[in-house]
Amino acid sequence: MSTTTSLQSDAVKLEETMIRQARESFQRLPTLEIVLDRLLLAMVPDLKSYCTVAPEIELQSLDYLPYEDAMEATQAPSLFAIADADNWNSQIACVVEPDLLFSVLEIMLGGRRAQPNEWKPRGLTAIEQKLGRRLAELSLKGLSKCLSDVSPVSFNIASLESNPRSVMLAAPRTATVAVRLHMAFEDRSGHMTFILPYGNLDEVSAKLAQPFLGGRSPTDSNARKDMNTQISSTTVTITGVLQEMKIPLRDVLEWQPGQVIDLGMTVDTPVVGMVNAQPMFQAAFGQRSNGALALRVIQSLLPQETEEEIADDVSPD
């Protein structure tokens, strides 16, 4: 009898779990995920300008869950910057956690060489709130830039809160994205969380839910320019391939020192320049005035799209 009761209880729990998971199975937003990847790069210049230290930012977690669960998962007490999302008729929250707030505060006030102190929960002073508000403004500015290609929007901070229970952006079961970032400033680090309820934003949610089909944005161009700057001094080995031909192995095994191999080339036959086994250009084989052998590039073998991207990246603003 007890075994039957236990099995029935387990069955009920299983059904409840399946129903709850079905209700909380929210639609993923692939385009938003791409936007957030770009955000990691877009935030660095503004934060470096403000904090004098370039942070290393990584996406720690991205969760789709009900609004009430997203708020319960945030660390308390934290600084909740409630921002009005113009053009969306909605609000989002940028949560500056204490570890990030006090890491930046110590860096900006000259405590970079001091040993980091463990923060004890307490109320935030006016200066600390002002600093946290500025961090949130810079981060929301970067998010607005990254979203501009999908749905132009501007975020304006309306209020600051320290208790997540005082923040009501949406109904408790509204579909929400919680994005937690980890920021490292040399030997100090901290966290920031974006709370974006999308369950009430039909038009914007539809755009963000579309599969990402590629494309470029101003953020991508800036990232390419930064990468080109970093690798501009890198050296590569160029291999000149005179000719390729197929020869039976039995003929190769019979080769003797001094034997001449006819490559079937003429003076006008182009040489292929290769980098890491990738054909890069065709060149004419010749000799410089000082007697050194040389190659003169006569045709690029890069795909047309690649050439256009490189031209865009190196063109002056």
# chains A, B, ... in the order shown; residues from 1 in each chain; ligands from 1
>>> select_by_dssp(residues="range 64-287 of chain A", states="alpha helix (DSSP H)", output="number ranges by chain")
A: 67-72, 98-108, 126-147, 202-208, 218-231, 249-253
>>> write_last_selection(atoms="C-alpha atoms", output="CSV table (one decimal), in the first residue's frame")
chain,number,residue,atom,x,y,z
A,67,TYR,CA,10.4,38.1,-14.1
A,68,GLU,CA,10.0,37.3,-10.4
A,69,ASP,CA,12.6,34.5,-10.6
A,70,ALA,CA,15.0,36.9,-12.4
A,71,MET,CA,14.7,39.5,-9.6
A,72,GLU,CA,15.1,36.9,-6.9
A,98,PRO,CA,28.4,45.8,-4.8
A,99,ASP,CA,31.6,44.0,-5.9
A,100,LEU,CA,31.7,46.0,-9.1
A,101,LEU,CA,30.7,49.3,-7.5
A,102,PHE,CA,33.4,49.2,-4.9
A,103,SER,CA,36.1,47.9,-7.2
A,104,VAL,CA,35.6,50.9,-9.5
A,105,LEU,CA,35.3,53.2,-6.5
A,106,GLU,CA,38.7,52.1,-5.2
A,107,ILE,CA,40.4,52.4,-8.6
A,108,MET,CA,39.0,55.9,-9.2
A,126,ALA,CA,25.2,59.5,-2.1
A,127,ILE,CA,28.7,59.4,-3.7
A,128,GLU,CA,28.4,55.6,-4.2
A,129,GLN,CA,24.9,55.9,-5.7
A,130,LYS,CA,26.2,58.6,-8.1
A,131,LEU,CA,29.1,56.4,-9.2
A,132,GLY,CA,26.7,53.4,-9.6
A,133,ARG,CA,24.3,55.5,-11.6
A,134,ARG,CA,27.1,56.6,-14.0
A,135,LEU,CA,28.3,53.0,-14.5
A,136,ALA,CA,24.7,52.1,-15.4
A,137,GLU,CA,24.3,55.0,-17.8
A,138,LEU,CA,27.5,54.1,-19.7
A,139,SER,CA,26.4,50.5,-19.9
A,140,LEU,CA,22.9,51.3,-21.0
A,141,LYS,CA,24.4,53.7,-23.6
A,142,GLY,CA,26.4,50.8,-25.1
A,143,LEU,CA,23.3,48.6,-25.1
A,144,SER,CA,21.3,51.3,-26.9
A,145,LYS,CA,24.0,51.5,-29.6
A,146,CYS,CA,24.1,47.8,-30.1
A,147,LEU,CA,20.3,47.6,-30.5
A,202,ASP,CA,5.3,42.0,-29.0
A,203,GLU,CA,6.9,44.1,-31.8
A,204,VAL,CA,10.4,44.2,-30.3
A,205,SER,CA,10.3,40.6,-29.2
A,206,ALA,CA,9.4,39.4,-32.7
A,207,LYS,CA,12.4,41.2,-34.1
A,208,LEU,CA,14.7,39.9,-31.4
A,218,PRO,CA,29.2,49.9,-36.6
A,219,THR,CA,30.3,47.9,-33.6
A,220,ASP,CA,31.6,45.1,-35.8
A,221,SER,CA,33.6,47.7,-37.8
A,222,ASN,CA,35.1,49.2,-34.7
A,223,ALA,CA,36.1,45.8,-33.5
A,224,ARG,CA,37.7,45.0,-36.8
A,225,LYS,CA,39.7,48.3,-36.7
A,226,ASP,CA,40.9,47.5,-33.2
A,227,MET,CA,41.9,44.0,-34.2
A,228,ASN,CA,43.8,45.4,-37.3
A,229,THR,CA,45.6,47.8,-35.0
A,230,GLN,CA,46.7,45.0,-32.7
A,231,ILE,CA,48.0,42.7,-35.4
A,249,LEU,CA,56.1,8.0,-57.3
A,250,ARG,CA,58.2,5.5,-59.2
A,251,ASP,CA,59.7,8.4,-61.1
A,252,VAL,CA,60.4,10.3,-57.9
A,253,LEU,CA,62.2,7.3,-56.4
>>> residues_around(residues="range 156-159 of chain A", least_positions_apart="4", cutoff="8 Å", atoms="only C-alpha atoms", output="PyMOL selection string")
chain A and resi 81-86+137
>>> closest_residue(among="A:Leu302, A:Ala73, A:Val96, A:Ile34", to="Arg165 in chain A", atoms="only C-alpha atoms")
A:Ala73
>>> closest_residue(among="A:Thr239, A:Ser151, A:Gln210, A:Asn163", to="Leu295 in chain A", atoms="only C-alpha atoms")
A:Thr239
>>> closest_residue(among="A:Gly291, A:Pro211, A:Pro30, A:Pro55", to="Met183 in chain A", atoms="only C-alpha atoms")
A:Pro55
>>> atom_distance(atom1="CA of Ile57 in chain A", atom2="CA of Met192 in chain A")
10.1 Å
>>> residues_around(residues="His182 in chain A", least_positions_apart="3", cutoff="10 Å", atoms="only C-alpha atoms", output="number ranges by chain")
A: 40, 55-61, 100, 189-193
>>> atom_distance(atom1="CA of Pro66 in chain A", atom2="CA of Val35 in chain A")
21.2 Å
